[in-house]
Structure formats: C-alpha cells, structure tokens
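Trainee: Below is the file final.cif, with mmCIF, C-alpha atoms.
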```cif
data_structure
loop_
_atom_site.label_atom_id
_atom_site.label_comp_id
_atom_site.auth_asym_id
_atom_site.auth_seq_id
_atom_site.Cartn_x
_atom_site.Cartn_y
_atom_site.Cartn_z
CA MET A 438 47.69 123.54 109.70
CA GLY A 439 46.27 120.37 111.18
CA LYS A 440 43.45 120.14 113.69
CA TYR A 441 44.41 120.12 117.37
CA ASN A 442 43.04 117.50 119.76
CA ALA A 443 42.48 119.80 122.73
CA PRO A 444 42.28 123.50 123.62
CA VAL A 445 45.57 125.36 123.96
CA THR A 446 47.09 125.05 127.44
CA LYS A 447 48.24 128.01 129.53
CA LYS A 448 51.82 126.81 129.09
CA GLY A 449 51.40 126.38 125.33
CA ARG A 450 50.06 129.91 124.95
CA GLN A 451 52.89 131.32 127.08
CA ASN A 452 55.44 129.48 124.93
CA ALA A 453 53.92 131.16 121.86
CA VAL A 454 54.14 134.61 123.48
CA ASP A 455 57.76 134.06 124.59
CA SER A 456 58.80 132.74 121.18
CA LEU A 457 57.13 135.62 119.39
CA LYS A 458 58.94 138.12 121.60
CA ARG A 459 62.30 136.60 120.63
CA ILE A 460 61.38 136.36 116.93
CA ALA A 461 60.02 139.93 116.87
CA ASP A 462 63.20 141.23 118.47
CA PHE A 463 65.36 139.46 115.89
CA ALA A 464 63.06 140.54 113.03
CA LEU A 465 63.16 144.17 114.15
CA LYS A 466 66.92 144.26 113.65
CA LYS A 467 66.39 143.02 110.08
CA ASP A 468 63.55 145.52 109.52
CA VAL A 469 61.04 142.70 109.12
CA THR A 470 57.38 142.87 110.21
CA LEU A 471 55.60 139.76 111.53
CA GLY A 472 51.94 139.18 110.66
CA LEU A 473 49.97 136.79 112.88
CA GLU A 474 47.35 135.14 110.69
CA VAL A 475 44.07 134.45 112.45
CA VAL A 476 42.72 131.12 111.15
CA ASN A 477 39.73 128.91 111.85
CA ARG A 478 39.33 126.31 114.61
CA TYR A 479 40.32 123.41 112.35
CA GLU A 480 43.78 124.90 111.72
CA SER A 481 44.68 126.38 115.12
CA ASN A 482 43.52 126.37 118.72
CA LEU A 483 45.45 129.58 119.52
CA LEU A 484 44.27 132.53 117.41
CA ASN A 485 40.79 132.08 115.90
CA THR A 486 39.57 135.68 116.24
CA ALA A 487 40.93 139.20 115.81
CA SER A 488 40.29 139.83 119.52
CA GLN A 489 42.53 136.95 120.49
CA ALA A 490 45.26 138.20 118.14
CA LEU A 491 45.07 141.71 119.61
CA ALA A 492 45.38 140.32 123.13
CA MET A 493 48.50 138.44 122.02
CA LEU A 494 49.91 141.57 120.37
CA ASP A 495 49.47 143.39 123.68
CA GLU A 496 51.47 140.71 125.47
CA VAL A 497 54.21 140.42 122.84
CA ASN A 498 54.43 144.21 122.91
CA ALA A 499 56.65 144.67 119.85
CA PRO A 500 56.25 147.45 117.24
CA ASN A 501 56.79 145.08 114.30
CA VAL A 502 54.02 142.54 114.97
CA VAL A 503 50.67 143.05 113.25
CA VAL A 504 47.38 141.21 112.78
CA HIS A 505 46.69 139.35 109.53
CA LEU A 506 43.00 138.67 108.81
CA ASP A 507 41.51 136.33 106.19
CA THR A 508 37.86 136.52 105.12
CA TYR A 509 37.64 132.73 104.66
CA HIS A 510 38.53 132.18 108.32
CA MET A 511 36.55 135.19 109.56
CA ASN A 512 33.43 133.66 107.98
CA ILE A 513 33.72 130.73 110.39
CA GLU A 514 34.85 132.51 113.55
CA GLU A 515 33.85 136.20 113.64
CA SER A 516 30.44 137.82 114.22
CA ASP A 517 30.70 139.79 110.96
CA PHE A 518 33.26 141.28 108.53
CA MET A 519 33.36 144.79 109.98
CA GLN A 520 33.82 144.70 113.77
CA PRO A 521 37.13 142.76 113.65
CA ILE A 522 38.63 145.24 111.17
CA LEU A 523 37.54 148.26 113.21
CA GLU A 524 38.85 146.62 116.38
CA CYS A 525 42.27 146.08 114.78
CA GLY A 526 42.51 149.55 113.25
CA SER A 527 46.12 150.46 112.58
CA ARG A 528 47.28 147.10 113.96
CA LEU A 529 45.82 145.35 110.90
CA GLY A 530 48.88 144.77 108.72
CA TYR A 531 47.90 142.22 106.11
CA VAL A 532 44.72 140.90 104.53
CA HIS A 533 43.73 137.68 102.73
CA ILE A 534 40.62 137.71 100.58
CA GLY A 535 39.10 134.25 100.21
CA GLU A 536 35.58 133.04 99.47
CA SER A 537 33.71 130.83 101.98
CA ASN A 538 34.22 127.77 99.73
CA ARG A 539 37.75 128.92 98.73
CA GLY A 540 36.68 129.25 95.07
CA TYR A 541 35.70 132.22 92.85
CA LEU A 542 34.93 135.43 94.74
CA GLY A 543 31.17 135.89 94.78
CA SER A 544 30.46 132.16 94.53
CA GLY A 545 30.02 131.77 98.28
CA THR A 546 28.37 133.35 101.30
CA ILE A 547 30.83 136.11 102.30
CA ASP A 548 29.66 139.74 102.49
CA PHE A 549 32.70 141.32 100.83
CA SER A 550 31.02 144.70 100.58
CA GLN A 551 30.96 144.92 104.38
CA PHE A 552 34.62 143.87 104.53
CA PHE A 553 35.79 146.46 101.95
CA HIS A 554 33.80 149.20 103.69
CA ALA A 555 35.52 148.32 106.96
CA LEU A 556 38.97 148.53 105.29
CA ALA A 557 38.04 151.99 103.99
CA MET A 558 36.86 153.07 107.44
CA ILE A 559 40.24 152.32 109.03
CA ASP A 560 42.03 153.79 105.98
CA TYR A 561 43.85 150.50 105.39
CA LYS A 562 46.82 150.99 103.03
CA GLY A 563 48.39 147.54 103.25
CA VAL A 564 48.52 144.64 100.82
CA VAL A 565 45.31 142.83 99.86
CA THR A 566 46.04 139.26 98.74
CA PHE A 567 43.65 136.86 97.04
CA GLU A 568 43.73 133.19 98.06
CA SER A 569 41.99 130.27 96.39
CA PHE A 570 42.77 126.58 96.17
CA SER A 571 42.25 123.83 93.62
CA SER A 572 44.16 120.56 93.58
CA THR A 573 44.57 120.95 89.79
CA VAL A 574 47.30 123.54 90.43
CA VAL A 575 48.07 123.46 94.16
CA ASN A 576 50.41 120.66 95.26
CA GLU A 577 48.87 117.52 96.70
CA GLN A 578 50.22 117.86 100.25
CA LEU A 579 48.92 121.40 100.69
CA SER A 580 45.59 120.55 99.06
CA ASN A 581 45.11 117.64 101.45
CA ALA A 582 46.21 119.71 104.48
CA LEU A 583 43.61 122.33 103.51
CA ALA A 584 40.89 119.72 102.85
CA ILE A 585 40.41 120.62 99.19
CA TRP A 586 38.21 117.66 98.21
CA ARG A 587 36.50 119.14 95.17
CA ASN A 588 37.83 121.55 92.56
CA LEU A 589 35.90 124.75 91.99
CA TRP A 590 38.14 125.89 89.11
CA ASP A 591 41.00 124.79 86.89
CA ASP A 592 41.87 127.97 84.95
CA GLY A 593 44.08 129.93 87.33
CA MET A 594 44.46 132.94 85.04
CA ASP A 595 40.70 133.39 84.65
CA LEU A 596 40.29 133.01 88.41
CA ALA A 597 42.98 135.63 89.10
CA LYS A 598 41.61 138.16 86.59
CA HIS A 599 38.13 137.75 88.02
CA ALA A 600 39.43 138.18 91.57
CA HIS A 601 41.37 141.31 90.64
CA GLU A 602 38.31 142.96 89.09
CA PHE A 603 36.11 141.87 92.00
CA MET A 604 38.49 143.28 94.63
CA ALA A 605 39.28 146.50 92.75
CA GLY A 606 35.55 147.08 92.26
CA GLY A 607 34.78 146.49 95.93
CA ILE A 608 37.68 148.58 97.22
CA ASN A 609 36.91 151.47 94.85
CA ALA A 610 33.20 151.44 95.71
CA ALA A 611 34.04 151.51 99.42
CA ALA A 612 36.48 154.40 98.92
CA LYS A 613 33.82 156.38 97.00
CA ALA A 614 31.23 155.72 99.69
CA ARG A 615 33.71 156.89 102.31
CA GLU A 616 34.47 160.08 100.33
CA HIS A 617 30.79 161.01 100.07
CA HIS A 618 29.94 159.94 103.58
CA MET B 135 34.25 113.55 112.58
CA GLY B 136 37.99 113.92 112.09
CA LYS B 137 39.70 115.47 109.11
CA TYR B 138 40.68 113.11 106.29
CA ASN B 139 44.21 113.13 104.84
CA ALA B 140 43.21 112.72 101.19
CA PRO B 141 40.19 112.97 98.89
CA VAL B 142 37.78 110.04 98.92
CA THR B 143 38.81 107.24 96.55
CA LYS B 144 36.48 105.70 93.95
CA LYS B 145 36.51 102.49 95.98
CA GLY B 146 35.81 104.33 99.23
CA ARG B 147 32.81 106.08 97.74
CA GLN B 148 31.50 102.82 96.26
CA ASN B 149 31.84 101.13 99.67
CA ALA B 150 29.70 103.92 101.14
CA VAL B 151 27.02 103.47 98.46
CA ASP B 152 26.97 99.68 98.90
CA SER B 153 26.80 99.93 102.71
CA LEU B 154 24.01 102.50 102.54
CA LYS B 155 21.99 100.24 100.24
CA ARG B 156 22.21 97.40 102.78
CA ILE B 157 21.46 99.67 105.75
CA ALA B 158 18.54 101.33 103.94
CA ASP B 159 17.07 97.96 103.09
CA PHE B 160 17.27 96.81 106.71
CA ALA B 161 15.96 100.18 107.98
CA LEU B 162 12.99 100.05 105.62
CA LYS B 163 11.78 96.83 107.25
CA LYS B 164 11.88 98.60 110.62
CA ASP B 165 10.14 101.66 109.18
CA VAL B 166 13.23 103.81 109.82
CA THR B 167 14.35 106.71 107.62
CA LEU B 168 18.08 107.47 107.15
CA GLY B 169 19.25 111.07 106.93
CA LEU B 170 22.65 111.72 105.33
CA GLU B 171 24.10 114.79 107.01
CA VAL B 172 26.13 117.00 104.71
CA VAL B 173 29.08 118.36 106.71
CA ASN B 174 32.08 120.56 106.01
CA ARG B 175 35.45 119.55 104.54
CA TYR B 176 37.10 119.22 107.95
CA GLU B 177 34.66 116.48 109.02
CA SER B 178 34.19 114.48 105.82
CA ASN B 179 35.66 114.10 102.34
CA LEU B 180 32.52 112.39 101.01
CA LEU B 181 29.44 114.63 101.28
CA ASN B 182 30.24 118.35 101.62
CA THR B 183 27.38 119.73 99.50
CA ALA B 184 23.69 119.05 98.92
CA SER B 185 24.48 118.25 95.26
CA GLN B 186 26.85 115.49 96.31
CA ALA B 187 24.26 114.07 98.72
CA LEU B 188 21.58 114.06 96.02
CA ALA B 189 23.91 112.23 93.64
CA MET B 190 24.49 109.62 96.35
CA LEU B 191 20.74 109.32 97.00
CA ASP B 192 20.26 108.63 93.28
CA GLU B 193 22.79 105.80 93.47
CA VAL B 194 21.50 104.32 96.72
CA ASN B 195 18.01 104.52 95.23
CA ALA B 196 16.03 103.75 98.40
CA PRO B 197 12.76 105.46 99.40
CA ASN B 198 13.84 105.88 103.05
CA VAL B 199 17.07 107.85 102.57
CA VAL B 200 16.88 111.64 102.76
CA VAL B 201 19.25 114.62 102.83
CA HIS B 202 20.05 116.32 106.13
CA LEU B 203 21.39 119.89 105.80
CA ASP B 204 23.03 122.02 108.51
CA THR B 205 23.44 125.79 108.15
CA TYR B 206 26.80 125.75 109.99
CA HIS B 207 28.27 123.42 107.36
CA MET B 208 26.42 125.09 104.44
CA ASN B 209 28.11 128.38 105.41
CA ILE B 210 31.48 126.83 104.58
CA GLU B 211 30.59 124.74 101.53
CA GLU B 212 27.52 126.03 99.68
CA SER B 213 27.09 129.09 97.44
CA ASP B 214 24.16 130.37 99.54
CA PHE B 215 21.39 129.15 101.85
CA MET B 216 18.63 128.90 99.25
CA GLN B 217 19.82 126.95 96.17
CA PRO B 218 20.71 123.78 98.11
CA ILE B 219 17.26 123.66 99.76
CA LEU B 220 15.45 124.20 96.45
CA GLU B 221 17.65 121.57 94.81
CA CYS B 222 16.75 119.02 97.51
CA GLY B 223 13.04 119.80 97.52
CA SER B 224 11.06 116.88 98.93
CA ARG B 225 14.28 114.90 99.45
CA LEU B 226 15.26 117.24 102.29
CA GLY B 227 14.30 115.25 105.39
CA TYR B 228 16.03 116.89 108.32
CA VAL B 229 17.52 120.26 109.17
CA HIS B 230 20.11 121.52 111.66
CA ILE B 231 20.19 125.22 112.48
CA GLY B 232 23.60 126.36 113.68
CA GLU B 233 25.35 129.72 113.64
CA SER B 234 28.66 130.18 111.76
CA ASN B 235 30.58 130.27 115.07
CA ARG B 236 28.31 127.57 116.63
CA GLY B 237 27.10 130.05 119.28
CA TYR B 238 23.92 132.16 119.70
CA LEU B 239 21.80 132.46 116.56
CA GLY B 240 22.34 135.92 115.12
CA SER B 241 25.85 136.25 116.59
CA GLY B 242 27.53 135.13 113.36
CA THR B 243 27.49 135.59 109.62
CA ILE B 244 24.66 133.27 108.46
CA ASP B 245 21.73 134.66 106.47
CA PHE B 246 18.99 132.72 108.26
CA SER B 247 16.25 134.73 106.59
CA GLN B 248 17.29 133.30 103.22
CA PHE B 249 17.36 129.80 104.70
CA PHE B 250 13.89 130.04 106.26
CA HIS B 251 12.45 131.48 103.04
CA ALA B 252 13.89 128.51 101.14
CA LEU B 253 12.28 126.05 103.61
CA ALA B 254 8.93 127.81 103.06
CA MET B 255 9.39 127.65 99.28
CA ILE B 256 9.71 123.84 99.32
CA ASP B 257 6.93 123.58 101.92
CA TYR B 258 9.27 121.79 104.34
CA LYS B 259 7.32 120.09 107.13
CA GLY B 260 10.13 118.19 108.83
CA VAL B 261 11.95 118.69 112.10
CA VAL B 262 14.09 121.80 112.60
CA THR B 263 16.79 121.17 115.21
CA PHE B 264 19.03 123.75 116.84
CA GLU B 265 22.69 122.87 117.47
CA SER B 266 25.25 124.79 119.49
CA PHE B 267 28.34 123.76 121.39
CA SER B 268 30.16 124.92 124.50
CA SER B 269 32.62 122.86 126.46
CA THR B 270 30.95 124.02 129.69
CA VAL B 271 28.10 121.57 128.99
CA VAL B 272 29.19 119.38 126.06
CA ASN B 273 31.50 116.51 127.00
CA GLU B 274 35.23 116.97 126.50
CA GLN B 275 35.71 114.37 123.77
CA LEU B 276 32.95 115.77 121.56
CA SER B 277 34.06 119.36 122.21
CA ASN B 278 37.60 118.52 121.15
CA ALA B 279 36.42 116.55 118.09
CA LEU B 280 34.37 119.60 117.05
CA ALA B 281 37.24 122.04 117.75
CA ILE B 282 35.34 124.04 120.38
CA TRP B 283 38.28 126.10 121.68
CA ARG B 284 36.38 129.03 123.14
CA ASN B 285 33.02 129.13 124.86
CA LEU B 286 30.40 131.47 123.48
CA TRP B 287 27.84 130.69 126.22
CA ASP B 288 27.40 128.86 129.50
CA ASP B 289 23.66 129.20 130.18
CA GLY B 290 22.08 126.44 128.06
CA MET B 291 18.51 127.37 128.97
CA ASP B 292 18.92 130.97 127.90
CA LEU B 293 20.59 129.82 124.68
CA ALA B 294 17.75 127.39 123.93
CA LYS B 295 14.98 129.92 124.64
CA HIS B 296 16.69 132.48 122.45
CA ALA B 297 17.13 129.93 119.63
CA HIS B 298 13.48 128.87 119.83
CA GLU B 299 12.27 132.45 119.50
CA PHE B 300 14.75 133.19 116.72
CA MET B 301 13.72 130.13 114.69
CA ALA B 302 9.97 130.52 115.28
CA GLY B 303 10.24 134.17 114.26
CA GLY B 304 12.15 133.35 111.09
CA ILE B 305 9.93 130.44 110.10
CA ASN B 306 6.72 132.39 110.72
CA ALA B 307 7.97 135.43 108.79
CA ALA B 308 8.90 133.21 105.85
CA ALA B 309 5.49 131.51 105.92
CA LYS B 310 3.72 134.91 105.92
CA ALA B 311 5.88 136.12 103.02
CA ARG B 312 5.01 132.95 101.11
CA GLU B 313 1.29 133.39 101.81
CA HIS B 314 1.28 136.95 100.48
CA HIS B 315 3.63 136.22 97.60
#
```
How does the structure come out when it is put into structure tokens?
Mentor:
Amino acid sequence: MGKYNAPVTKKGRQNAVDSLKRIADFALKKDVTLGLEVVNRYESNLLNTASQALAMLDEVNAPNVVVHLDTYHMNIEESDFMQPILECGSRLGYVHIGESNRGYLGSGTIDFSQFFHALAMIDYKGVVTFESFSSTVVNEQLSNALAIWRNLWDDGMDLAKHAHEFMAGGINAAAKAREHH
Amino acid sequence: MGKYNAPVTKKGRQNAVDSLKRIADFALKKDVTLGLEVVNRYESNLLNTASQALAMLDEVNAPNVVVHLDTYHMNIEESDFMQPILECGSRLGYVHIGESNRGYLGSGTIDFSQFFHALAMIDYKGVVTFESFSSTVVNEQLSNALAIWRNLWDDGMDLAKHAHEFMAGGINAAAKAREHH
C-alpha cells in the first residue's frame, strides 16, 4: 500500500494482467471470485479509477474477476460517485464505504446519497462493507501504512452502530426512490 | 512531500515550532510573511487540518505567519469546505484551488461553491491560486512526488483560461450572495 516512485511501466502492467489470468484460472477451480480494489494514487499506480479496472477486466477476460470500489478512494480519483458505478454495472462485485477522512460516516465531504442511488440504479446485490481506521484499535503497522496520524474515534462499537444505521438509511432511501421513479 | 512512516513525535513537532519561530523572526525583518500550507496525510504527518495549523500558529506566536489552505487537501482531511475557512478567519493568508483529481475545476467532487461562500463570509482579500498537475508539462520528479499517474489535460492554456473563468464566476457569485444576504 505504499506510494510508488514512478508511473506503472508497460511491462509492469502486462505482468499484472498475466498474473491475474493465472490466479483467476486457479481461483475458478476453487469457486473463488477475485475483486480488484481500485485505490488512490498514493497506494497504487495501476488501478486508480473504475475505468482502468474495467479495461484490465477486459484484458484478463475471466468470469470470476470483478471490480471493487471504495468511496474513500473514489473521492480522490473519480469525477463523482455515480458514473463509476453505472459504468461498472454488473461487473461491480464488492463495495467499501469509507468517509473522506476515514472517520464517522457523514463527518467528511463524500456525497453518499449519490453513491447509494447509483447502487440502486444498477440493482447492486453484493456486500457493502464499512471501513474506518483509528490507531487506538488498528495495529500500528497498518495505521502507519495508511497514514492515520490523528484519531477520529476510539469507541469502535459506537462507530459501527452509527455506520450501520447510516448505510441502511441511505440504501433504503435509494431503493424507495428507485421504486417510485 | 513524501509519505511519513509514523505519526509526528512530540520532539519533532517541537522542533518545527522552534524552527518556525526563528524563521518568522528573520522573515519579519525582511517584511516577509510565512504561509503554512495544510496538506493531506500522504504528504505530511504534521499539519493535515486547519485546526492543527491554527494551534501551531498560536504556539509560534508571530504576526507574520498565516494559514495556507488548499481545496485538494481539504477534500481528504476536512469535514467540509466552510468550517475550516471560518475557523481561520483573518489568519487565512493564502489559498490554493485544486480539484479532487488535480485536473480541470468542476471535473471532480469538490463543492467549490461552499468554499467561495466561506471566503466571502470572512471577507478574504488575499491571493487565490489555481493548481493542477499533468506530467505532460510538469517535470518528472515533481509529477512522481505528487503521484500524477494519469494525465487529465495537456493544453495548459485552455486549462488556465477555464480555471480563471470558473474561479471568477464562483467568487463573484459568492460576493453577490453576501451583498444581498
């Protein structure tokens, strides 16, 4: 998850495609699906946007490889929280919900309403996972790798309950809006 | 501008305060103002929010040290684009306007309207600078340090003209709204 020193090379990208083909083939036999998480520029120089992930999926060309989007990373790299979801459509296989500052949902700048509406529009039925970090509970190495320099919470249970209500509310509201569209 | 491997230590922070006191003192004699730019977690472990910068200003306690905010970094670290500006008030001395993806203004997720309204509310009269990066014109070392892995533009003049119109439009609209408040 460290920062790269240069853009990905043609050879480096091809290595990733070739490796993924082999891994996907092996995973298929075990009935395992691979999700490629799109992350921001400080964690990868390969897949920073949904478009780039879809292009890689086309090349890997395996039925068990899907796109994994994360609102925290989308906030840095994408134009908005709707287009990438619509572009992925049925190839979106996993979702991370994270606030722009990686703290409590609603405490940052992300337009979650737009994101939940987009999930409803593509009839997304996959898992929706909440992610947040605080060095009070997350181990030191991971905290430092993720650049968690200040703690936005220390009560993990309160954080989780709040996130569950926030996400359920947003997802239900989007489903209702879709129903009465 | 690289990523740190650990949070800032008490000693490290104190060294920064002590150095800034000496630099501010020297700068004052030359009639120079120092702006402390608040940047995101991947570029600094010291000042990621306006609140942290204001606390440091209090400790440095020099008349010629101001806060410098940048919308690109605020999008990752702050709760919104208004509170930090209001909190700084007259201690905001410099402003960078950058989109969330560092490309064309309006092509990302930042609520610039909120930001310009906040500047009007504190009657900000300082410089407003536009920043954007593309490895087609920015040198390789800086591009790599800033993790510019994909180019969102190549015509710098078109980008600059667009940014000037965008900013003038936003600033003027905010001033009008303030007038008729």
Trainee: Could you expand the PyMOL selection byres ((chain A) within 8 of (chain B)) into the explicit residues it covers here, written as JSON, numbers by chain?
Mentor: {"A": [440, 441, 442, 443, 444, 445, 478, 479, 482, 512, 513, 514, 515, 516, 517, 537, 538, 544, 545, 546, 581, 582, 584, 585, 586]}
Trainee: Considering only C-alpha atoms, return as a list of chain:residue names whatever protein or nucleic-acid residues lie within 7 Å of range 521-523 of chain A, sequence-local ones (same chain, fewer than 3 positions apart) excluded.
Mentor: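 The residues satisfying every condition are A:Ala487, A:Phe518, A:Gly526, A:Ala555, A:Leu556, A:Ile559.
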Trainee: Written as a compact mmCIF listing (two decimals) with C-alpha atoms, keeping the file's coordinate frame, what is the full residue list that the PyMOL selection byres ((chain B and resi 308) around 8) yields on the file shown?
Mentor:
```txt
# COMPACT_ATOMS: atom_id res chain seq x y z
CA SER B 247 16.25 134.73 106.59
CA PHE B 250 13.89 130.04 106.26
CA HIS B 251 12.45 131.48 103.04
CA ALA B 254 8.93 127.81 103.06
CA GLY B 304 12.15 133.35 111.09
CA ILE B 305 9.93 130.44 110.10
CA ASN B 306 6.72 132.39 110.72
CA ALA B 307 7.97 135.43 108.79
CA ALA B 309 5.49 131.51 105.92
CA LYS B 310 3.72 134.91 105.92
CA ALA B 311 5.88 136.12 103.02
CA ARG B 312 5.01 132.95 101.11
```
Trainee: If you measure from CA of Glu171 in chain B to CA of His202 in chain B, what distance in Å do you get, rounded to one decimal?
Mentor: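 Result for CA of Glu171 in chain B versus CA of His202 in chain B: 4.4 Å, one decimal.
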Trainee: Record the distance separating CA of Cys525 in chain A and CA of Lys458 in chain A, expressed in Å with one decimal.
Mentor: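 Taking CA of Cys525 in chain A as the start and CA of Lys458 in chain A as the end point, the length is 19.7 Å.
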Trainee: Report as a tab-separated table (two decimals) with C-alpha atoms, in the coordinates of the input the full result of the PyMOL selection byres ((chain B and resi 271) around 12) when it is applied to this structure.
Mentor:
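Final output, saved to result-v3.tsv:
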```tsv
chain	number	residue	atom	x	y	z
B	266	SER	CA	25.25	124.79	119.49
B	267	PHE	CA	28.34	123.76	121.39
B	268	SER	CA	30.16	124.92	124.50
B	269	SER	CA	32.62	122.86	126.46
B	270	THR	CA	30.95	124.02	129.69
B	272	VAL	CA	29.19	119.38	126.06
B	273	ASN	CA	31.50	116.51	127.00
B	274	GLU	CA	35.23	116.97	126.50
B	275	GLN	CA	35.71	114.37	123.77
B	276	LEU	CA	32.95	115.77	121.56
B	277	SER	CA	34.06	119.36	122.21
B	282	ILE	CA	35.34	124.04	120.38
B	285	ASN	CA	33.02	129.13	124.86
B	286	LEU	CA	30.40	131.47	123.48
B	287	TRP	CA	27.84	130.69	126.22
B	288	ASP	CA	27.40	128.86	129.50
B	289	ASP	CA	23.66	129.20	130.18
B	290	GLY	CA	22.08	126.44	128.06
B	291	MET	CA	18.51	127.37	128.97
B	293	LEU	CA	20.59	129.82	124.68
```
Trainee: Around all of range 196-204 of chain B's listed atoms, make the axis-aligned box with 8 Å on each side and tell me centre and edge lengths in Å to one decimal, as AutoDock Vina command-line options.
Mentor:
```
--center_x 17.9 --center_y 112.9 --center_z 103.5 --size_x 26.3 --size_y 34.3 --size_z 26.1
```
Trainee: Quick one: distance from CA of Leu542 in chain A to CA of Thr183 in chain B in Å, one decimal?
Mentor: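 The value is 18.1 Å.
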Trainee: Please identify all polymer residues lying at most 12 Å from the point (63.9, 142.1, 120.4) (file coordinates), using only C-alpha atoms, and present the result as a ChimeraX atom specification.
Mentor: /A:455-469,497-502
Trainee: List the neighbours of Glu496 in chain A out to 8 Å using all atoms listed in the file; skip same-chain residues closer than 3 positions along the sequence, and give me the result as a list of chain:residue names.
Mentor: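 My reading of the contact set: A:Val454, A:Ala492, A:Met493.
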Trainee: Around the point (49.8, 147.1, 115.6) in the file's coordinates, collect all residues with an atom within 7 Å, using all atoms listed in the file, and return them as a ChimeraX atom specification.
Mentor: /A:500,502-504,527-529
